[in-house]
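Asker: File input-v2.pdb below, PDB, C-alpha atoms:
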```pdb
ATOM      1  CA  MET A 253    -140.545   5.088 117.632
ATOM      2  CA  PRO A 254    -140.148   3.006 114.485
ATOM      3  CA  LEU A 255    -139.069   5.780 112.170
ATOM      4  CA  PRO A 256    -140.795   6.019 108.784
ATOM      5  CA  LYS A 257    -138.578   5.860 105.736
ATOM      6  CA  SER A 258    -140.361   8.186 103.331
ATOM      7  CA  LYS A 259    -140.077   8.857  99.652
ATOM      8  CA  LYS A 260    -140.652  12.605  99.535
ATOM      9  CA  THR A 261    -142.734  13.991  96.693
ATOM     10  CA  GLN A 262    -142.530  17.686  97.587
ATOM     11  CA  LYS A 263    -140.023  20.134  96.151
ATOM     12  CA  HIS A 264    -138.951  21.915  99.324
ATOM     13  CA  SER A 265    -137.725  20.369 102.552
ATOM     14  CA  TRP A 266    -136.932  21.881 105.948
ATOM     15  CA  LYS A 267    -135.194  19.717 108.554
ATOM     16  CA  PHE A 268    -134.683  20.741 112.169
ATOM     17  CA  THR A 269    -134.519  19.441 115.737
ATOM     18  CA  ALA A 270    -137.214  20.303 118.281
ATOM     19  CA  ILE A 271    -138.635  18.821 121.507
ATOM     20  CA  GLY A 272    -135.832  16.283 121.525
ATOM     21  CA  THR A 273    -136.510  14.733 118.116
ATOM     22  CA  GLN A 274    -135.880  15.236 114.408
ATOM     23  CA  TRP A 275    -138.466  16.959 112.222
ATOM     24  CA  GLU A 276    -138.875  17.363 108.489
ATOM     25  CA  ILE A 277    -141.497  19.487 106.794
ATOM     26  CA  SER A 278    -141.643  19.013 103.037
ATOM     27  CA  SER A 279    -143.887  21.052 100.778
ATOM     28  CA  VAL A 280    -144.581  21.990  97.162
ATOM     29  CA  LEU A 281    -144.421  25.686  98.043
ATOM     30  CA  GLU A 282    -141.412  27.047  99.857
ATOM     31  CA  ILE A 283    -141.856  27.623 103.565
ATOM     32  CA  THR A 284    -140.786  31.242 103.891
ATOM     33  CA  PRO A 285    -138.551  32.538 106.704
ATOM     34  CA  SER A 286    -141.511  34.272 108.340
ATOM     35  CA  GLN A 287    -143.561  31.069 108.188
ATOM     36  CA  ARG A 288    -140.692  29.156 109.770
ATOM     37  CA  ILE A 289    -140.600  31.631 112.637
ATOM     38  CA  VAL A 290    -144.318  31.060 113.257
ATOM     39  CA  ILE A 291    -143.869  27.273 113.240
ATOM     40  CA  GLU A 292    -140.907  27.512 115.606
ATOM     41  CA  GLN A 293    -143.015  29.653 117.932
ATOM     42  CA  VAL A 294    -145.848  27.098 117.914
ATOM     43  CA  ILE A 295    -143.386  24.362 118.887
ATOM     44  CA  SER A 296    -141.703  26.517 121.534
ATOM     45  CA  GLU A 297    -145.018  27.447 123.151
ATOM     46  CA  PHE A 298    -146.174  23.825 123.157
ATOM     47  CA  ASP A 299    -142.918  22.742 124.791
ATOM     48  CA  GLN A 300    -143.215  25.533 127.347
ATOM     49  CA  ILE A 301    -146.605  24.164 128.333
ATOM     50  CA  TYR A 302    -146.336  20.379 128.126
ATOM     51  CA  SER A 303    -142.688  19.339 128.477
ATOM     52  CA  ARG A 304    -142.176  17.086 131.490
ATOM     53  CA  PHE A 305    -138.433  17.542 131.084
ATOM     54  CA  ARG A 306    -138.386  21.290 131.702
ATOM     55  CA  GLY A 307    -138.569  22.699 135.187
ATOM     56  CA  ASP A 308    -139.902  26.004 133.819
ATOM     57  CA  SER A 309    -142.816  24.502 131.857
ATOM     58  CA  ILE A 310    -146.392  24.613 133.108
ATOM     59  CA  VAL A 311    -146.380  20.830 133.452
ATOM     60  CA  GLY A 312    -143.086  21.130 135.344
ATOM     61  CA  GLU A 313    -144.732  23.526 137.783
ATOM     62  CA  MET A 314    -147.711  21.186 138.144
ATOM     63  CA  ALA A 315    -145.347  18.473 139.330
ATOM     64  CA  LYS A 316    -144.372  20.746 142.232
ATOM     65  CA  THR A 317    -147.475  22.700 143.200
ATOM     66  CA  ALA A 318    -151.197  21.949 143.347
ATOM     67  CA  GLY A 319    -153.562  24.590 142.028
ATOM     68  CA  GLU A 320    -155.236  26.012 138.947
ATOM     69  CA  TYR A 321    -153.473  26.080 135.573
ATOM     70  CA  THR A 322    -154.409  27.111 132.048
ATOM     71  CA  LEU A 323    -153.408  24.530 129.441
ATOM     72  CA  PRO A 324    -154.071  25.588 125.835
ATOM     73  CA  HIS A 325    -155.354  22.780 123.583
ATOM     74  CA  SER A 326    -156.046  20.612 126.623
ATOM     75  CA  PRO A 327    -159.794  20.048 126.067
ATOM     76  CA  ALA A 328    -159.290  18.004 122.884
ATOM     77  CA  LEU A 329    -156.170  16.317 124.252
ATOM     78  CA  PHE A 330    -157.689  15.304 127.588
ATOM     79  CA  ASP A 331    -161.008  14.316 125.991
ATOM     80  CA  LEU A 332    -159.040  11.795 123.937
ATOM     81  CA  TYR A 333    -157.182  10.621 127.036
ATOM     82  CA  ASP A 334    -160.495  10.161 128.847
ATOM     83  CA  GLU A 335    -161.776   7.930 126.033
ATOM     84  CA  LEU A 336    -158.552   5.935 125.778
ATOM     85  CA  SER A 337    -158.448   5.468 129.530
ATOM     86  CA  ILE A 338    -161.942   3.958 129.435
ATOM     87  CA  LEU A 339    -161.132   1.704 126.479
ATOM     88  CA  THR A 340    -157.863   0.493 128.047
ATOM     89  CA  SER A 341    -159.338   0.171 131.563
ATOM     90  CA  GLY A 342    -156.949   2.815 132.863
ATOM     91  CA  ALA A 343    -153.722   1.700 131.188
ATOM     92  CA  VAL A 344    -153.422   4.958 129.213
ATOM     93  CA  THR A 345    -153.463   8.203 131.209
ATOM     94  CA  PRO A 346    -151.510  11.489 131.173
ATOM     95  CA  LEU A 347    -150.680  10.881 134.832
ATOM     96  CA  VAL A 348    -148.262   8.084 133.919
ATOM     97  CA  GLY A 349    -145.488  10.663 134.347
ATOM     98  CA  THR A 350    -145.239   9.675 138.008
ATOM     99  CA  THR A 351    -144.447   6.089 137.049
ATOM    100  CA  LEU A 352    -141.998   7.108 134.323
ATOM    101  CA  ASP A 353    -140.162   9.341 136.797
ATOM    102  CA  ASP A 354    -139.782   6.423 139.197
ATOM    103  CA  LEU A 355    -138.562   4.137 136.403
ATOM    104  CA  GLY A 356    -135.761   6.617 135.654
ATOM    105  CA  TYR A 357    -137.259   8.349 132.632
ATOM    106  CA  ASP A 358    -137.280  11.652 134.486
ATOM    107  CA  LYS A 359    -136.310  15.220 133.609
ATOM    108  CA  ASN A 360    -132.689  14.440 134.511
ATOM    109  CA  TYR A 361    -132.677  11.243 132.413
ATOM    110  CA  SER A 362    -131.256   9.337 135.369
ATOM    111  CA  LEU A 363    -132.371   6.032 133.754
ATOM    112  CA  THR A 364    -132.118   4.430 137.172
ATOM    113  CA  PRO A 365    -135.333   2.878 138.520
ATOM    114  CA  LYS A 366    -136.237   3.557 142.135
ATOM    115  CA  SER A 367    -136.805   0.703 144.530
ATOM    116  CA  THR A 368    -140.526   1.504 144.643
ATOM    117  CA  ILE A 369    -142.441   2.346 141.453
ATOM    118  CA  ARG A 370    -145.608   4.347 142.023
ATOM    119  CA  LYS A 371    -148.695   3.673 139.933
ATOM    120  CA  ALA A 372    -150.494   6.564 138.305
ATOM    121  CA  PRO A 373    -153.322   8.036 140.388
ATOM    122  CA  GLU A 374    -156.893   7.977 139.118
ATOM    123  CA  PHE A 375    -157.325  11.052 136.917
ATOM    124  CA  SER A 376    -160.884  11.875 138.022
ATOM    125  CA  GLU A 377    -159.894  11.767 141.693
ATOM    126  CA  VAL A 378    -157.119  14.379 141.499
ATOM    127  CA  VAL A 379    -157.916  16.559 138.452
ATOM    128  CA  ARG A 380    -160.770  18.940 137.689
ATOM    129  CA  ARG A 381    -161.272  20.358 134.174
ATOM    130  CA  ASN A 382    -163.185  23.401 132.980
ATOM    131  CA  GLY A 383    -162.282  24.143 129.374
ATOM    132  CA  GLU A 384    -158.584  24.977 129.246
ATOM    133  CA  VAL A 385    -158.456  25.502 133.020
ATOM    134  CA  VAL A 386    -157.153  22.470 134.871
ATOM    135  CA  THR A 387    -157.176  22.269 138.664
ATOM    136  CA  ILE A 388    -155.009  19.645 140.333
ATOM    137  CA  LEU A 389    -155.630  18.685 143.959
ATOM    138  CA  GLN A 390    -152.032  17.588 144.542
ATOM    139  CA  PRO A 391    -148.710  17.897 142.702
ATOM    140  CA  LEU A 392    -148.890  15.642 139.656
ATOM    141  CA  SER A 393    -146.411  14.542 136.990
ATOM    142  CA  PHE A 394    -148.179  14.794 133.637
ATOM    143  CA  ASP A 395    -146.816  13.041 130.559
ATOM    144  CA  VAL A 396    -148.752  13.628 127.332
ATOM    145  CA  GLY A 397    -146.369  11.591 125.186
ATOM    146  CA  ALA A 398    -149.116   9.152 124.170
ATOM    147  CA  ALA A 399    -150.845  11.798 122.036
ATOM    148  CA  GLY A 400    -149.110  15.129 122.565
ATOM    149  CA  LYS A 401    -146.625  15.002 119.705
ATOM    150  CA  GLY A 402    -149.433  14.076 117.357
ATOM    151  CA  LEU A 403    -151.361  17.125 118.543
ATOM    152  CA  LEU A 404    -148.326  19.303 117.838
ATOM    153  CA  VAL A 405    -148.111  17.889 114.301
ATOM    154  CA  ASP A 406    -151.770  18.805 113.804
ATOM    155  CA  LEU A 407    -151.178  22.339 115.084
ATOM    156  CA  ILE A 408    -148.327  22.811 112.621
ATOM    157  CA  CYS A 409    -150.500  21.484 109.794
ATOM    158  CA  SER A 410    -153.204  23.987 110.721
ATOM    159  CA  GLY A 411    -150.628  26.757 110.570
ATOM    160  CA  LEU A 412    -149.389  25.651 107.152
ATOM    161  CA  LYS A 413    -152.939  25.555 105.816
ATOM    162  CA  ALA A 414    -153.643  29.032 107.197
ATOM    163  CA  SER A 415    -150.549  30.384 105.439
ATOM    164  CA  GLY A 416    -151.633  29.038 102.040
ATOM    165  CA  HIS A 417    -149.996  25.606 101.849
ATOM    166  CA  ASN A 418    -152.127  22.758 100.480
ATOM    167  CA  GLU A 419    -149.516  20.110  99.563
ATOM    168  CA  TYR A 420    -147.117  19.156 102.342
ATOM    169  CA  ALA A 421    -146.024  16.499 104.821
ATOM    170  CA  VAL A 422    -145.043  17.048 108.443
ATOM    171  CA  ASP A 423    -142.806  14.272 109.793
ATOM    172  CA  ALA A 424    -141.935  14.276 113.496
ATOM    173  CA  SER A 425    -139.823  11.112 113.689
ATOM    174  CA  GLY A 426    -142.631   8.593 113.599
ATOM    175  CA  ASP A 427    -145.627  10.903 113.567
ATOM    176  CA  VAL A 428    -146.443  11.920 109.976
ATOM    177  CA  ARG A 429    -149.325  13.822 108.458
ATOM    178  CA  ALA A 430    -149.523  14.164 104.667
ATOM    179  CA  VAL A 431    -151.789  16.632 102.861
ATOM    180  CA  GLY A 432    -152.284  16.890  99.118
ATOM    181  CA  PRO A 433    -153.148  14.857  96.004
ATOM    182  CA  VAL A 434    -149.941  12.787  95.902
ATOM    183  CA  ALA A 435    -149.333  10.022  98.436
ATOM    184  CA  GLU A 436    -146.213   9.770 100.573
ATOM    185  CA  VAL A 437    -144.651   6.302 100.380
ATOM    186  CA  ILE A 438    -143.611   5.318 103.891
ATOM    187  CA  GLY A 439    -141.653   2.289 105.040
ATOM    188  CA  LEU A 440    -142.510   0.545 108.308
ATOM    189  CA  GLU A 441    -139.348  -0.047 110.286
ATOM    190  CA  ASN A 442    -138.662  -3.562 111.575
ATOM    191  CA  PRO A 443    -138.490  -3.232 115.395
ATOM    192  CA  PHE A 444    -136.137  -6.208 115.565
ATOM    193  CA  ASN A 445    -133.740  -4.826 112.922
ATOM    194  CA  THR A 446    -133.987  -1.083 112.368
ATOM    195  CA  SER A 447    -132.037  -1.273 109.082
ATOM    196  CA  GLU A 448    -134.990  -3.107 107.514
ATOM    197  CA  VAL A 449    -138.644  -2.373 106.809
ATOM    198  CA  ILE A 450    -141.454  -4.904 107.064
ATOM    199  CA  GLY A 451    -143.712  -3.156 104.593
ATOM    200  CA  THR A 452    -144.728   0.131 102.984
ATOM    201  CA  ILE A 453    -147.911   2.169 102.901
ATOM    202  CA  ASN A 454    -149.172   5.085 100.842
ATOM    203  CA  LEU A 455    -150.247   7.990 103.018
ATOM    204  CA  LYS A 456    -152.484  10.695 101.566
ATOM    205  CA  ASN A 457    -154.584  13.246 103.450
ATOM    206  CA  ARG A 458    -154.297  11.306 106.686
ATOM    207  CA  ALA A 459    -151.851  10.817 109.521
ATOM    208  CA  LEU A 460    -149.611   7.872 110.379
ATOM    209  CA  CYS A 461    -148.170   7.493 113.871
ATOM    210  CA  ALA A 462    -145.861   4.789 115.109
ATOM    211  CA  SER A 463    -144.646   3.634 118.494
ATOM    212  CA  ALA A 464    -142.141   0.990 119.566
ATOM    213  CA  VAL A 465    -140.491  -0.238 122.726
ATOM    214  CA  ASN A 466    -136.981  -0.136 121.261
ATOM    215  CA  ARG A 467    -136.745   3.627 120.709
ATOM    216  CA  ARG A 468    -136.609   4.836 124.317
ATOM    217  CA  ALA A 469    -135.314   1.902 126.318
ATOM    218  CA  TRP A 470    -132.875   1.537 129.215
ATOM    219  CA  GLY A 471    -131.983  -1.643 131.086
ATOM    220  CA  GLU A 472    -135.139  -3.708 131.399
ATOM    221  CA  CYS A 473    -137.357  -0.645 130.968
ATOM    222  CA  HIS A 474    -138.864   1.397 128.166
ATOM    223  CA  HIS A 475    -141.290   4.308 127.901
ATOM    224  CA  ILE A 476    -144.530   2.447 127.168
ATOM    225  CA  VAL A 477    -145.845   1.664 130.627
ATOM    226  CA  ASP A 478    -149.114   0.279 131.930
ATOM    227  CA  ALA A 479    -150.262   3.018 134.308
ATOM    228  CA  ARG A 480    -152.276   0.490 136.334
ATOM    229  CA  THR A 481    -149.249  -1.596 137.273
ATOM    230  CA  GLY A 482    -146.194   0.571 136.653
ATOM    231  CA  VAL A 483    -144.744  -2.181 134.449
ATOM    232  CA  PRO A 484    -143.492  -1.631 130.860
ATOM    233  CA  VAL A 485    -145.458  -3.630 128.288
ATOM    234  CA  LYS A 486    -143.975  -6.861 126.963
ATOM    235  CA  ASP A 487    -146.376  -8.570 124.562
ATOM    236  CA  ILE A 488    -146.439  -5.882 121.813
ATOM    237  CA  VAL A 489    -143.234  -4.304 120.499
ATOM    238  CA  ALA A 490    -144.406  -1.925 117.747
ATOM    239  CA  THR A 491    -147.592  -0.327 116.428
ATOM    240  CA  TRP A 492    -148.631   1.847 113.491
ATOM    241  CA  VAL A 493    -151.949   3.650 113.143
ATOM    242  CA  ILE A 494    -153.492   5.640 110.292
ATOM    243  CA  ALA A 495    -156.248   8.087 111.264
ATOM    244  CA  ASP A 496    -157.632  11.436 110.202
ATOM    245  CA  THR A 497    -155.517  13.411 112.681
ATOM    246  CA  ALA A 498    -152.067  12.849 114.089
ATOM    247  CA  MET A 499    -153.285  13.286 117.656
ATOM    248  CA  LEU A 500    -155.793  10.463 117.240
ATOM    249  CA  ALA A 501    -153.312   8.231 115.398
ATOM    250  CA  ASP A 502    -150.712   8.872 118.115
ATOM    251  CA  GLY A 503    -153.102   8.028 120.925
ATOM    252  CA  LEU A 504    -154.403   4.877 119.251
ATOM    253  CA  ALA A 505    -150.853   3.698 118.504
ATOM    254  CA  THR A 506    -150.225   3.771 122.261
ATOM    255  CA  ALA A 507    -153.553   2.161 123.164
ATOM    256  CA  LEU A 508    -152.836  -0.789 120.854
ATOM    257  CA  PHE A 509    -150.129  -1.932 123.263
ATOM    258  CA  PHE A 510    -152.853  -2.672 125.811
ATOM    259  CA  VAL A 511    -156.045  -3.709 124.011
ATOM    260  CA  SER A 512    -157.105  -5.495 120.856
ATOM    261  CA  PRO A 513    -157.669  -3.557 117.632
ATOM    262  CA  ASP A 514    -161.363  -4.514 117.754
ATOM    263  CA  THR A 515    -161.766  -2.805 121.121
ATOM    264  CA  LEU A 516    -160.681   0.492 119.574
ATOM    265  CA  LYS A 517    -162.623  -0.161 116.355
ATOM    266  CA  SER A 518    -165.803   0.030 118.405
ATOM    267  CA  ARG A 519    -165.128   3.745 118.851
ATOM    268  CA  TYR A 520    -162.746   4.926 116.112
ATOM    269  CA  ASN A 521    -162.303   4.681 112.353
ATOM    270  CA  TYR A 522    -158.637   3.808 111.830
ATOM    271  CA  GLU A 523    -156.190   1.396 110.223
ATOM    272  CA  TYR A 524    -153.423  -0.408 112.057
ATOM    273  CA  ALA A 525    -150.495  -2.769 112.107
ATOM    274  CA  ARG A 526    -148.742  -4.126 115.160
ATOM    275  CA  VAL A 527    -145.896  -6.509 115.907
ATOM    276  CA  HIS A 528    -145.994  -8.972 118.791
ATOM    277  CA  ALA A 529    -142.956  -9.875 120.855
ATOM    278  CA  ASN A 530    -142.962 -13.361 119.273
ATOM    279  CA  GLY A 531    -142.620 -11.813 115.808
ATOM    280  CA  MET A 532    -146.233 -12.213 114.724
ATOM    281  CA  VAL A 533    -147.581  -9.290 112.702
ATOM    282  CA  GLU A 534    -151.261  -8.376 112.485
ATOM    283  CA  TYR A 535    -152.773  -5.607 110.416
ATOM    284  CA  SER A 536    -155.949  -4.215 108.910
ATOM    285  CA  ASP A 537    -156.821  -4.292 105.216
ATOM    286  CA  TYR A 538    -155.243  -0.916 104.465
ATOM    287  CA  PHE A 539    -151.809  -2.313 105.338
ATOM    288  CA  LYS A 540    -152.399  -5.718 103.698
ATOM    289  CA  GLY A 541    -151.097  -4.933 100.232
ATOM    290  CA  GLY A 542    -147.866  -3.386 101.464
ATOM    291  CA  MET A 543    -146.680  -5.912 104.063
ATOM    292  CA  PHE A 544    -143.720  -8.055 103.027
TER     293      PHE A 544
END
```
Could you show the structure in this file as structure tokens?

Answerer:
Amino acid sequence: MPLPKSKKTQKHSWKFTAIGTQWEISSVLEITPSQRIVIEQVISEFDQIYSRFRGDSIVGEMAKTAGEYTLPHSPALFDLYDELSILTSGAVTPLVGTTLDDLGYDKNYSLTPKSTIRKAPEFSEVVRRNGEVVTILQPLSFDVGAAGKGLLVDLICSGLKASGHNEYAVDASGDVRAVGPVAEVIGLENPFNTSEVIGTINLKNRALCASAVNRRAWGECHHIVDARTGVPVKDIVATWVIADTAMLADGLATALFFVSPDTLKSRYNYEYARVHANGMVEYSDYFKGGMF
């Protein structure tokens, strides 16, 4: 992901590594040791459920055995996936894990594509949902990377609010949610030169999520794949989305690799910027004043 370069306004900062990426939670009030334990538990439980890279996770078991599984938080997450799948004509789906495995982005990080790359199956044909209970008709490789980290950011924000925090920012290496009266100033990393930014935005009481093809790339492949074809995208190289929640911003940032901003505007209230492979940059009015 194109990492944000933030100017922190909060007094306290807690940096740590979780789910394979760097996190920073900054806040006006100190995050106490007991509050940190709760946050770490939220992250650990989420990873235990949704990590495609753990053989002992629920998703890891789903890749091996058909059956009925309970997935906390899945109704909101899969409702969003259903909508994005419709808007992108099937390009975005949590079943893209099968394709990513074949491309080499598997739990062993082999980074070696197979000779045959499978396309993602049709979600409605192999999955049944009833609240948090998900029944799969065959072993399936789920990958919720298009919106899952954003959901985790939102869950942590909910926990901070419940523990009395009202001015803070949660930054999960490209997925940021800022709460409070003072805006976070965030730089938008140039996907062609990661030592530069192409603009800045002020983020207040909303979420910003970013995605780029240069952050998880190997050989001719990267992690943003069209589930309909099994081919990594080529025309768009980076996206940024501002929305009310990090889960929504995360999902829309992925969808913008496949469809026009207007297609998503028909359903969602959001702001965006995206960079084309030829260097062209397009953005909505919110980003206009901060682009260089």

Asker: For Arg468 (chain A), find every residue with an atom within 12 Å (counting all atoms listed in the file), except residues of its own chain fewer than 2 positions away, and show them as an mmCIF file with C-alpha atoms, in the frame of the given file.

Answerer:
```cif
data_model
loop_
_atom_site.group_PDB
_atom_site.id
_atom_site.type_symbol
_atom_site.label_atom_id
_atom_site.label_comp_id
_atom_site.auth_asym_id
_atom_site.auth_seq_id
_atom_site.Cartn_x
_atom_site.Cartn_y
_atom_site.Cartn_z
ATOM 1 C CA MET A 253 -140.545 5.088 117.632
ATOM 2 C CA PRO A 254 -140.148 3.006 114.485
ATOM 3 C CA GLY A 272 -135.832 16.283 121.525
ATOM 4 C CA THR A 273 -136.510 14.733 118.116
ATOM 5 C CA LEU A 352 -141.998 7.108 134.323
ATOM 6 C CA GLY A 356 -135.761 6.617 135.654
ATOM 7 C CA TYR A 357 -137.259 8.349 132.632
ATOM 8 C CA TYR A 361 -132.677 11.243 132.413
ATOM 9 C CA LEU A 363 -132.371 6.032 133.754
ATOM 10 C CA GLY A 397 -146.369 11.591 125.186
ATOM 11 C CA SER A 463 -144.646 3.634 118.494
ATOM 12 C CA ALA A 464 -142.141 0.990 119.566
ATOM 13 C CA VAL A 465 -140.491 -0.238 122.726
ATOM 14 C CA ASN A 466 -136.981 -0.136 121.261
ATOM 15 C CA TRP A 470 -132.875 1.537 129.215
ATOM 16 C CA GLY A 471 -131.983 -1.643 131.086
ATOM 17 C CA GLU A 472 -135.139 -3.708 131.399
ATOM 18 C CA CYS A 473 -137.357 -0.645 130.968
ATOM 19 C CA HIS A 474 -138.864 1.397 128.166
ATOM 20 C CA HIS A 475 -141.290 4.308 127.901
ATOM 21 C CA ILE A 476 -144.530 2.447 127.168
ATOM 22 C CA VAL A 477 -145.845 1.664 130.627
ATOM 23 C CA PRO A 484 -143.492 -1.631 130.860
ATOM 24 C CA VAL A 489 -143.234 -4.304 120.499
#
```

Asker: What residues have an atom no more than 9 Å from (-141.9, 11.3, 138.8) in the file's own frame, counting all atoms listed in the file, and can you write them as a PDB file with C-alpha atoms, in the coordinates of the input?

Answerer:
```pdb
ATOM      1  CA  ALA A 315    -145.347  18.473 139.330  1.00  0.00           C
ATOM      2  CA  VAL A 348    -148.262   8.084 133.919  1.00  0.00           C
ATOM      3  CA  GLY A 349    -145.488  10.663 134.347  1.00  0.00           C
ATOM      4  CA  THR A 350    -145.239   9.675 138.008  1.00  0.00           C
ATOM      5  CA  THR A 351    -144.447   6.089 137.049  1.00  0.00           C
ATOM      6  CA  LEU A 352    -141.998   7.108 134.323  1.00  0.00           C
ATOM      7  CA  ASP A 353    -140.162   9.341 136.797  1.00  0.00           C
ATOM      8  CA  ASP A 354    -139.782   6.423 139.197  1.00  0.00           C
ATOM      9  CA  LEU A 355    -138.562   4.137 136.403  1.00  0.00           C
ATOM     10  CA  GLY A 356    -135.761   6.617 135.654  1.00  0.00           C
ATOM     11  CA  TYR A 357    -137.259   8.349 132.632  1.00  0.00           C
ATOM     12  CA  ASP A 358    -137.280  11.652 134.486  1.00  0.00           C
ATOM     13  CA  LYS A 359    -136.310  15.220 133.609  1.00  0.00           C
ATOM     14  CA  ARG A 370    -145.608   4.347 142.023  1.00  0.00           C
ATOM     15  CA  LEU A 392    -148.890  15.642 139.656  1.00  0.00           C
ATOM     16  CA  SER A 393    -146.411  14.542 136.990  1.00  0.00           C
ATOM     17  CA  PHE A 394    -148.179  14.794 133.637  1.00  0.00           C
TER      18      PHE A 394
END
```

Asker: Assuming 5 Å of padding per side, give the centre and edge lengths of the axis-aligned box around every listed atom of region 497-516 of chain A, in Å to one decimal and as lines of an AutoDock Vina configuration file.

Answerer:
```
center_x = -155.9
center_y = 4.0
center_z = 119.2
size_x = 21.6
size_y = 28.9
size_z = 23.1
```

Asker: Within 9 Å of Arg429 (chain A), counting all atoms listed in the file, which residues qualify if same-chain residues fewer than 6 places away don't, as a list in words?

Answerer: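 With the cut-off at 9 Å, the set is Gly402, Val405, Asp406, Cys409, Tyr420, Ala421, Val422, Asp423, Leu455, Lys456, Asn457, Arg458, Ala459, Leu460, Cys461, Asp496, Thr497 and Ala498 of chain A.
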
Asker: What does the distance between CA of Asn418 (chain A) and CA of Ala430 (chain A) come to in Å, to one decimal place?

Answerer: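 Those two atoms sit 9.9 Å apart.
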
Asker: Residues picked by the PyMOL selection byres ((chain A and resi 399) around 12) here, as a PyMOL selection string?

Answerer: chain A and resi 302+325-326+328-334+336+344-346+395-398+400-406+427+461-463+497-507

Asker: Tell me, as a list in words, which residues lie within 8 Å of region 288-299 of chain A, counting only C-alpha atoms; anything in the same chain fewer than 5 positions away does not count.

Answerer: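 Counting only the stated atoms, we get Ala270, Ile271, Ile283, Ser309, Leu404, Leu407, Ile408 and Gly411 of chain A.
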
Asker: Quick one: contact table of region 350-380 of chain A to region 319-322 of chain A, 12 Å max, nearest atom pair and distance in Å to one decimal per residue, counting all atoms listed in the file, chain and number order, as JSON lines?

Answerer:
```
{"residue": "A:Val378", "atom": "CA", "partner": "A:Gly319", "partner_atom": "CA", "distance": 10.8}
{"residue": "A:Val379", "atom": "CA", "partner": "A:Gly319", "partner_atom": "CA", "distance": 9.8}
{"residue": "A:Arg380", "atom": "CA", "partner": "A:Glu320", "partner_atom": "CA", "distance": 9.1}
```

Asker: Can you work out which one of A:Glu384, A:Asp308, A:Glu436, A:Gly342 has the shortest atom-to-atom distance to Ser279 (chain A), counting all atoms listed in the file?

Answerer: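 Looking at the shortest contact to Ser279 (chain A), the residue is A:Glu436.
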
Asker: Take the PyMOL selection byres ((chain A and resi 536) around 6), apply it to the structure above, and return the hits as a list of chain:residue names.

Answerer: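 Going through the file, the PyMOL selection byres ((chain A and resi 536) around 6) ends up selecting A:Glu523, A:Tyr524, A:Tyr535, A:Asp537, A:Tyr538, A:Phe539.
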
Asker: I'd like to know which of A:Pro433, A:Pro285, A:Pro513, A:Pro327 is closest to Asn382 (chain A), using only C-alpha atoms.

Answerer: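 Of A:Pro433, A:Pro285, A:Pro513, A:Pro327, the one nearest Asn382 (chain A), counting only C-alpha atoms, is A:Pro327.
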
Asker: Enter the distance from CA of Val386 (chain A) to CA of Tyr520 (chain A), in Å, rounded to one decimal.

Answerer: 26.3 Å

Asker: Between CA of Glu534 (chain A) and CA of Leu347 (chain A), what is the distance, to one decimal in Å?

Answerer: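 These two atoms are separated by 29.5 Å.
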
Asker: Since I can't run it myself right now, could you work out what the PyMOL selection byres ((chain A and resi 526-532) around 6) selects here and report it as a PyMOL selection string?

Answerer: chain A and resi 487-491+525+533-534

Asker: Could you check the closest approach to Gln300 (chain A) for each of A:Leu323, A:Val385, A:Val280, A:Ala318 and tell me which residue wins, using all atoms listed in the file?

Answerer: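 Among A:Leu323, A:Val385, A:Val280, A:Ala318, it is A:Leu323 that comes nearest to Gln300 (chain A).
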
Asker: My structure is short of atoms at region 497-506 of chain A; please model N, CA and C atoms there, returning them as a CSV table (one decimal), in the coordinates of the input.

Answerer:
```csv
chain,number,residue,atom,x,y,z
A,497,THR,N,-156.4,12.4,112.1
A,497,THR,CA,-155.5,13.4,112.7
A,497,THR,C,-154.3,12.7,113.3
A,498,ALA,N,-153.2,13.4,113.5
A,498,ALA,CA,-152.1,12.8,114.1
A,498,ALA,C,-152.3,12.6,115.6
A,499,MET,N,-153.0,13.5,116.2
A,499,MET,CA,-153.3,13.3,117.7
A,499,MET,C,-154.0,12.0,117.9
A,500,LEU,N,-155.0,11.7,117.1
A,500,LEU,CA,-155.8,10.5,117.2
A,500,LEU,C,-154.9,9.3,116.9
A,501,ALA,N,-154.2,9.3,115.8
A,501,ALA,CA,-153.3,8.2,115.4
A,501,ALA,C,-152.3,8.0,116.5
A,502,ASP,N,-151.7,9.0,117.1
A,502,ASP,CA,-150.7,8.9,118.1
A,502,ASP,C,-151.3,8.2,119.3
A,503,GLY,N,-152.5,8.6,119.8
A,503,GLY,CA,-153.1,8.0,120.9
A,503,GLY,C,-153.5,6.6,120.7
A,504,LEU,N,-154.0,6.3,119.5
A,504,LEU,CA,-154.4,4.9,119.3
A,504,LEU,C,-153.2,4.0,119.1
A,505,ALA,N,-152.1,4.5,118.6
A,505,ALA,CA,-150.9,3.7,118.5
A,505,ALA,C,-150.4,3.3,119.9
A,506,THR,N,-150.6,4.1,120.9
A,506,THR,CA,-150.2,3.8,122.3
A,506,THR,C,-151.2,2.8,122.8
```
